[in-house]
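So the structure is just underneath, and the comments pick up after that.
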Amino acid sequence: MIENDVEILPKAFFLNKDVTEIARHLLGKIIVTYINGEYTSARIVETEAYDGTVDKACHAFPNKITRRTAVMFSEGGRSYVYLCYGIHHLFNIVTQEEGIPKAVLIRAVEPLAGKEIMKRRRNCHHDRQLTNGPGKAAQALGISTLHNDVILYQKNGMIYIGCEMNNLKFEINVSTRIGVDYAGEDAKLPWRFYIKNNPNVSKQ
DNA sequence: CAGAGGATCCTCT
DNA sequence: GAGGATCCTCTGA
């Protein structure tokens, strides 16, 4: 896959829709990164929605602005990258108009361009373990907290989201989100979406 | 300013 | 499947 095959998603894609709908529609889309002079791209195969207005699992709940969550309150189409367990950098896409804190976590991707670069970044020689989790996907794509609050709808940036010219067909599975048991009842929300039978999904 | 805990991953067994 | 790594963020005083 080369860069010209990818059409960039406009800012409007990230606004004015339910965050779970955006999480669904992000499946099959492409993350392109151009970081440290290295070009990589990957297809999104697993996402989770987080809604800071109603959802205890969201860092910004309940509409709480802190240094970390501030970017979630900005206009949709930006990155929210945070450090998880002191080790892993998790990549999210902020959605909605300014002031409404909702985001989509990218939980797994399928490598397209730059697979060897990803293997080197991950120090990983097995395809199965390369990008099948949120920390792994971000690391493979070269994304870290350095790339927090980055605009995702312009092609001259470090990261953008695109779609392929000829869209592939796939079935979508829905489940509860992973690792949010602390959120009580909200842990039961069916806000995880993934491409059925895709081998890069973190957990079928 | 100390303490607790986490949207995970890797390495064992 | 269990446990440790590792450090930032938030809380409460």
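Following the order of the structure tokens, first chain is A, next is B, and so on, with residues numbered from 1 inside each chain and ligands from 1 in the order they appear.
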
Shell around A:Ser175 at 8 Å using only C-alpha atoms (C1' of nucleotides), local window under 2 positions removed, as an MDAnalysis selection string: chainID A and resid 173 177 190:193

Only N, CA, C and O atoms, please: the residues just picked out, written as a PDB file, in the first residue's frame.
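Written output follows (again23.pdb):
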ATOM      1  N   ASN A 173     -18.331  -7.205  15.215  1.00  0.00           N
ATOM      2  CA  ASN A 173     -18.773  -7.771  16.483  1.00  0.00           C
ATOM      3  C   ASN A 173     -18.740  -6.683  17.560  1.00  0.00           C
ATOM      4  O   ASN A 173     -17.931  -5.767  17.492  1.00  0.00           O
ATOM      5  N   ARG A 177     -16.183  -3.537  27.053  1.00  0.00           N
ATOM      6  CA  ARG A 177     -14.811  -3.072  26.922  1.00  0.00           C
ATOM      7  C   ARG A 177     -13.864  -3.870  27.834  1.00  0.00           C
ATOM      8  O   ARG A 177     -14.286  -4.455  28.818  1.00  0.00           O
ATOM      9  N   PRO A 190     -21.920  -1.977  25.979  1.00  0.00           N
ATOM     10  CA  PRO A 190     -21.413  -2.683  24.777  1.00  0.00           C
ATOM     11  C   PRO A 190     -20.715  -1.718  23.831  1.00  0.00           C
ATOM     12  O   PRO A 190     -21.167  -1.489  22.712  1.00  0.00           O
ATOM     13  N   TRP A 191     -19.612  -1.218  24.254  1.00  0.00           N
ATOM     14  CA  TRP A 191     -18.958  -0.133  23.518  1.00  0.00           C
ATOM     15  C   TRP A 191     -17.619  -0.536  22.913  1.00  0.00           C
ATOM     16  O   TRP A 191     -16.800   0.298  22.591  1.00  0.00           O
ATOM     17  N   ARG A 192     -17.386  -1.808  22.788  1.00  0.00           N
ATOM     18  CA  ARG A 192     -16.195  -2.294  22.080  1.00  0.00           C
ATOM     19  C   ARG A 192     -16.619  -2.868  20.731  1.00  0.00           C
ATOM     20  O   ARG A 192     -17.594  -3.640  20.661  1.00  0.00           O
ATOM     21  N   PHE A 193     -15.891  -2.521  19.696  1.00  0.00           N
ATOM     22  CA  PHE A 193     -16.243  -2.934  18.343  1.00  0.00           C
ATOM     23  C   PHE A 193     -15.010  -3.520  17.665  1.00  0.00           C
ATOM     24  O   PHE A 193     -13.908  -2.980  17.803  1.00  0.00           O
TER      25      PHE A 193
END

For a quick test of understanding: name the residues of chain A lying within 7 Å of chain B when counting only C-alpha atoms (C1' of nucleotides), and present them as JSON, numbers by chain. {"A": [84, 85, 88, 135, 179, 180]}

Create the file for the chosen residues now, containing N, CA, C and O atoms and written as a PDB file, in the first residue's frame.
ATOM      1  N   CYS A  84      -0.162   4.427  30.137  1.00  0.00           N
ATOM      2  CA  CYS A  84      -0.952   3.465  30.902  1.00  0.00           C
ATOM      3  C   CYS A  84      -0.013   2.520  31.668  1.00  0.00           C
ATOM      4  O   CYS A  84       0.931   1.995  31.085  1.00  0.00           O
ATOM      5  N   TYR A  85      -0.241   2.333  32.942  1.00  0.00           N
ATOM      6  CA  TYR A  85       0.586   1.469  33.783  1.00  0.00           C
ATOM      7  C   TYR A  85       2.054   1.862  33.740  1.00  0.00           C
ATOM      8  O   TYR A  85       2.933   1.016  33.928  1.00  0.00           O
ATOM      9  N   HIS A  88       2.899   1.830  28.865  1.00  0.00           N
ATOM     10  CA  HIS A  88       2.281   1.738  27.542  1.00  0.00           C
ATOM     11  C   HIS A  88       1.623   3.043  27.130  1.00  0.00           C
ATOM     12  O   HIS A  88       0.950   3.690  27.930  1.00  0.00           O
ATOM     13  N   GLY A 135      -1.534  -0.930  23.487  1.00  0.00           N
ATOM     14  CA  GLY A 135      -0.159  -0.517  23.686  1.00  0.00           C
ATOM     15  C   GLY A 135       0.721  -0.964  22.525  1.00  0.00           C
ATOM     16  O   GLY A 135       1.611  -0.240  22.077  1.00  0.00           O
ATOM     17  N   GLY A 179     -10.771  -4.372  30.446  1.00  0.00           N
ATOM     18  CA  GLY A 179      -9.956  -3.750  31.485  1.00  0.00           C
ATOM     19  C   GLY A 179     -10.584  -2.568  32.186  1.00  0.00           C
ATOM     20  O   GLY A 179      -9.877  -1.722  32.725  1.00  0.00           O
ATOM     21  N   VAL A 180     -11.921  -2.477  32.199  1.00  0.00           N
ATOM     22  CA  VAL A 180     -12.577  -1.338  32.845  1.00  0.00           C
ATOM     23  C   VAL A 180     -13.523  -1.780  33.957  1.00  0.00           C
ATOM     24  O   VAL A 180     -14.518  -1.121  34.244  1.00  0.00           O
TER      25      VAL A 180
END

Kindly determine which residues of chain A lie within 10 Å of chain C, considering only C-alpha atoms (C1' of nucleotides), and give the answer as a PDB file with N, CA and C atoms, in the first residue's frame.
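Generated output (part05.pdb):
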ATOM      1  N   THR A  66      -8.864  18.023  33.595  1.00  0.00           N
ATOM      2  CA  THR A  66      -7.569  18.027  34.287  1.00  0.00           C
ATOM      3  C   THR A  66      -6.506  18.217  33.210  1.00  0.00           C
ATOM      4  N   ARG A  67      -5.237  18.313  33.637  1.00  0.00           N
ATOM      5  CA  ARG A  67      -4.173  18.467  32.637  1.00  0.00           C
ATOM      6  C   ARG A  67      -4.229  17.329  31.621  1.00  0.00           C
ATOM      7  N   ARG A  68      -4.437  16.134  32.124  1.00  0.00           N
ATOM      8  CA  ARG A  68      -4.415  14.995  31.223  1.00  0.00           C
ATOM      9  C   ARG A  68      -5.614  14.987  30.292  1.00  0.00           C
ATOM     10  N   TYR A  82      -2.061   8.803  26.190  1.00  0.00           N
ATOM     11  CA  TYR A  82      -1.678   8.844  27.599  1.00  0.00           C
ATOM     12  C   TYR A  82      -0.890   7.589  27.951  1.00  0.00           C
ATOM     13  N   LEU A  83      -0.164   7.699  29.055  1.00  0.00           N
ATOM     14  CA  LEU A  83       0.668   6.593  29.519  1.00  0.00           C
ATOM     15  C   LEU A  83      -0.138   5.701  30.450  1.00  0.00           C
ATOM     16  N   CYS A  84      -0.162   4.427  30.137  1.00  0.00           N
ATOM     17  CA  CYS A  84      -0.952   3.465  30.902  1.00  0.00           C
ATOM     18  C   CYS A  84      -0.013   2.520  31.668  1.00  0.00           C
ATOM     19  N   TYR A  85      -0.241   2.333  32.942  1.00  0.00           N
ATOM     20  CA  TYR A  85       0.586   1.469  33.783  1.00  0.00           C
ATOM     21  C   TYR A  85       2.054   1.862  33.740  1.00  0.00           C
ATOM     22  N   GLY A  86       2.307   3.143  33.477  1.00  0.00           N
ATOM     23  CA  GLY A  86       3.675   3.632  33.484  1.00  0.00           C
ATOM     24  C   GLY A  86       4.535   3.175  32.333  1.00  0.00           C
ATOM     25  N   ILE A  87       3.970   2.400  31.408  1.00  0.00           N
ATOM     26  CA  ILE A  87       4.785   1.772  30.375  1.00  0.00           C
ATOM     27  C   ILE A  87       4.208   1.968  28.979  1.00  0.00           C
ATOM     28  N   HIS A  88       2.899   1.830  28.865  1.00  0.00           N
ATOM     29  CA  HIS A  88       2.281   1.738  27.542  1.00  0.00           C
ATOM     30  C   HIS A  88       1.623   3.043  27.130  1.00  0.00           C
TER      31      HIS A  88
END

Could you tell me, as an MDAnalysis selection string, which residues of stretch 22-198 of chain A DSSP assigns to strand (DSSP E or B) when given the backbone? chainID A and resid 30:35 38:51 78:84 88:95 102:111 151 159:164 172:175 192:195

Output for the residues just chosen: C-alpha atoms as an mmCIF file, in the first residue's frame:
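Result file follows (again_24.cif):
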data_model
loop_
_atom_site.group_PDB
_atom_site.id
_atom_site.type_symbol
_atom_site.label_atom_id
_atom_site.label_comp_id
_atom_site.auth_asym_id
_atom_site.auth_seq_id
_atom_site.Cartn_x
_atom_site.Cartn_y
_atom_site.Cartn_z
ATOM 1 C CA ILE A 30 -6.344 3.581 8.050
ATOM 2 C CA ILE A 31 -3.932 5.182 10.520
ATOM 3 C CA VAL A 32 -0.970 6.719 8.741
ATOM 4 C CA THR A 33 2.039 7.894 10.708
ATOM 5 C CA TYR A 34 5.147 9.695 9.529
ATOM 6 C CA ILE A 35 7.281 9.743 12.659
ATOM 7 C CA GLU A 38 9.533 6.627 8.989
ATOM 8 C CA TYR A 39 6.272 5.961 7.187
ATOM 9 C CA THR A 40 3.898 3.317 8.520
ATOM 10 C CA SER A 41 0.214 2.613 8.063
ATOM 11 C CA ALA A 42 -2.297 0.162 9.491
ATOM 12 C CA ARG A 43 -5.968 -0.720 9.252
ATOM 13 C CA ILE A 44 -8.062 -0.221 12.393
ATOM 14 C CA VAL A 45 -9.649 -3.511 13.457
ATOM 15 C CA GLU A 46 -10.710 -2.867 17.069
ATOM 16 C CA THR A 47 -12.006 0.243 18.870
ATOM 17 C CA GLU A 48 -13.670 1.280 22.120
ATOM 18 C CA ALA A 49 -15.857 4.320 22.817
ATOM 19 C CA TYR A 50 -15.392 6.451 25.951
ATOM 20 C CA ASP A 51 -17.895 9.149 26.936
ATOM 21 C CA ARG A 78 -7.201 15.361 17.609
ATOM 22 C CA SER A 79 -5.161 12.688 19.324
ATOM 23 C CA TYR A 80 -5.351 11.833 23.007
ATOM 24 C CA VAL A 81 -2.317 9.772 23.989
ATOM 25 C CA TYR A 82 -1.678 8.844 27.599
ATOM 26 C CA LEU A 83 0.668 6.593 29.519
ATOM 27 C CA CYS A 84 -0.952 3.465 30.902
ATOM 28 C CA HIS A 88 2.281 1.738 27.542
ATOM 29 C CA HIS A 89 1.235 4.617 25.333
ATOM 30 C CA LEU A 90 -2.437 4.356 24.334
ATOM 31 C CA PHE A 91 -3.713 6.181 21.254
ATOM 32 C CA ASN A 92 -7.204 7.684 21.213
ATOM 33 C CA ILE A 93 -9.096 9.876 18.772
ATOM 34 C CA VAL A 94 -11.012 12.786 20.272
ATOM 35 C CA THR A 95 -14.538 13.290 18.923
ATOM 36 C CA LYS A 102 -15.614 11.789 24.192
ATOM 37 C CA ALA A 103 -12.946 9.707 22.513
ATOM 38 C CA VAL A 104 -12.295 6.409 20.759
ATOM 39 C CA LEU A 105 -9.465 4.138 21.882
ATOM 40 C CA ILE A 106 -7.661 2.331 19.067
ATOM 41 C CA ARG A 107 -7.227 -1.160 20.505
ATOM 42 C CA ALA A 108 -5.789 -3.084 17.579
ATOM 43 C CA VAL A 109 -4.688 -2.598 13.995
ATOM 44 C CA GLU A 110 -3.594 -4.643 10.988
ATOM 45 C CA PRO A 111 -0.199 -3.637 9.597
ATOM 46 C CA ILE A 151 -4.429 17.211 14.592
ATOM 47 C CA ILE A 159 -0.518 11.266 12.059
ATOM 48 C CA TYR A 160 -3.679 11.176 10.012
ATOM 49 C CA ILE A 161 -6.678 8.930 9.521
ATOM 50 C CA GLY A 162 -7.736 7.858 6.051
ATOM 51 C CA CYS A 163 -9.888 5.419 4.169
ATOM 52 C CA GLU A 164 -9.026 3.173 1.260
ATOM 53 C CA ILE A 172 -18.637 -6.089 13.088
ATOM 54 C CA ASN A 173 -18.773 -7.771 16.483
ATOM 55 C CA VAL A 174 -19.718 -5.867 19.649
ATOM 56 C CA SER A 175 -18.745 -6.592 23.254
ATOM 57 C CA ARG A 192 -16.195 -2.294 22.080
ATOM 58 C CA PHE A 193 -16.243 -2.934 18.343
ATOM 59 C CA TYR A 194 -14.053 -5.196 16.272
ATOM 60 C CA ILE A 195 -13.837 -6.807 12.866
#

If you run DSSP on the backbone here, which positions in stretch 33-200 of chain A get alpha helix (DSSP H)? Please write them as a ChimeraX atom specification. /A:115-122,134-141
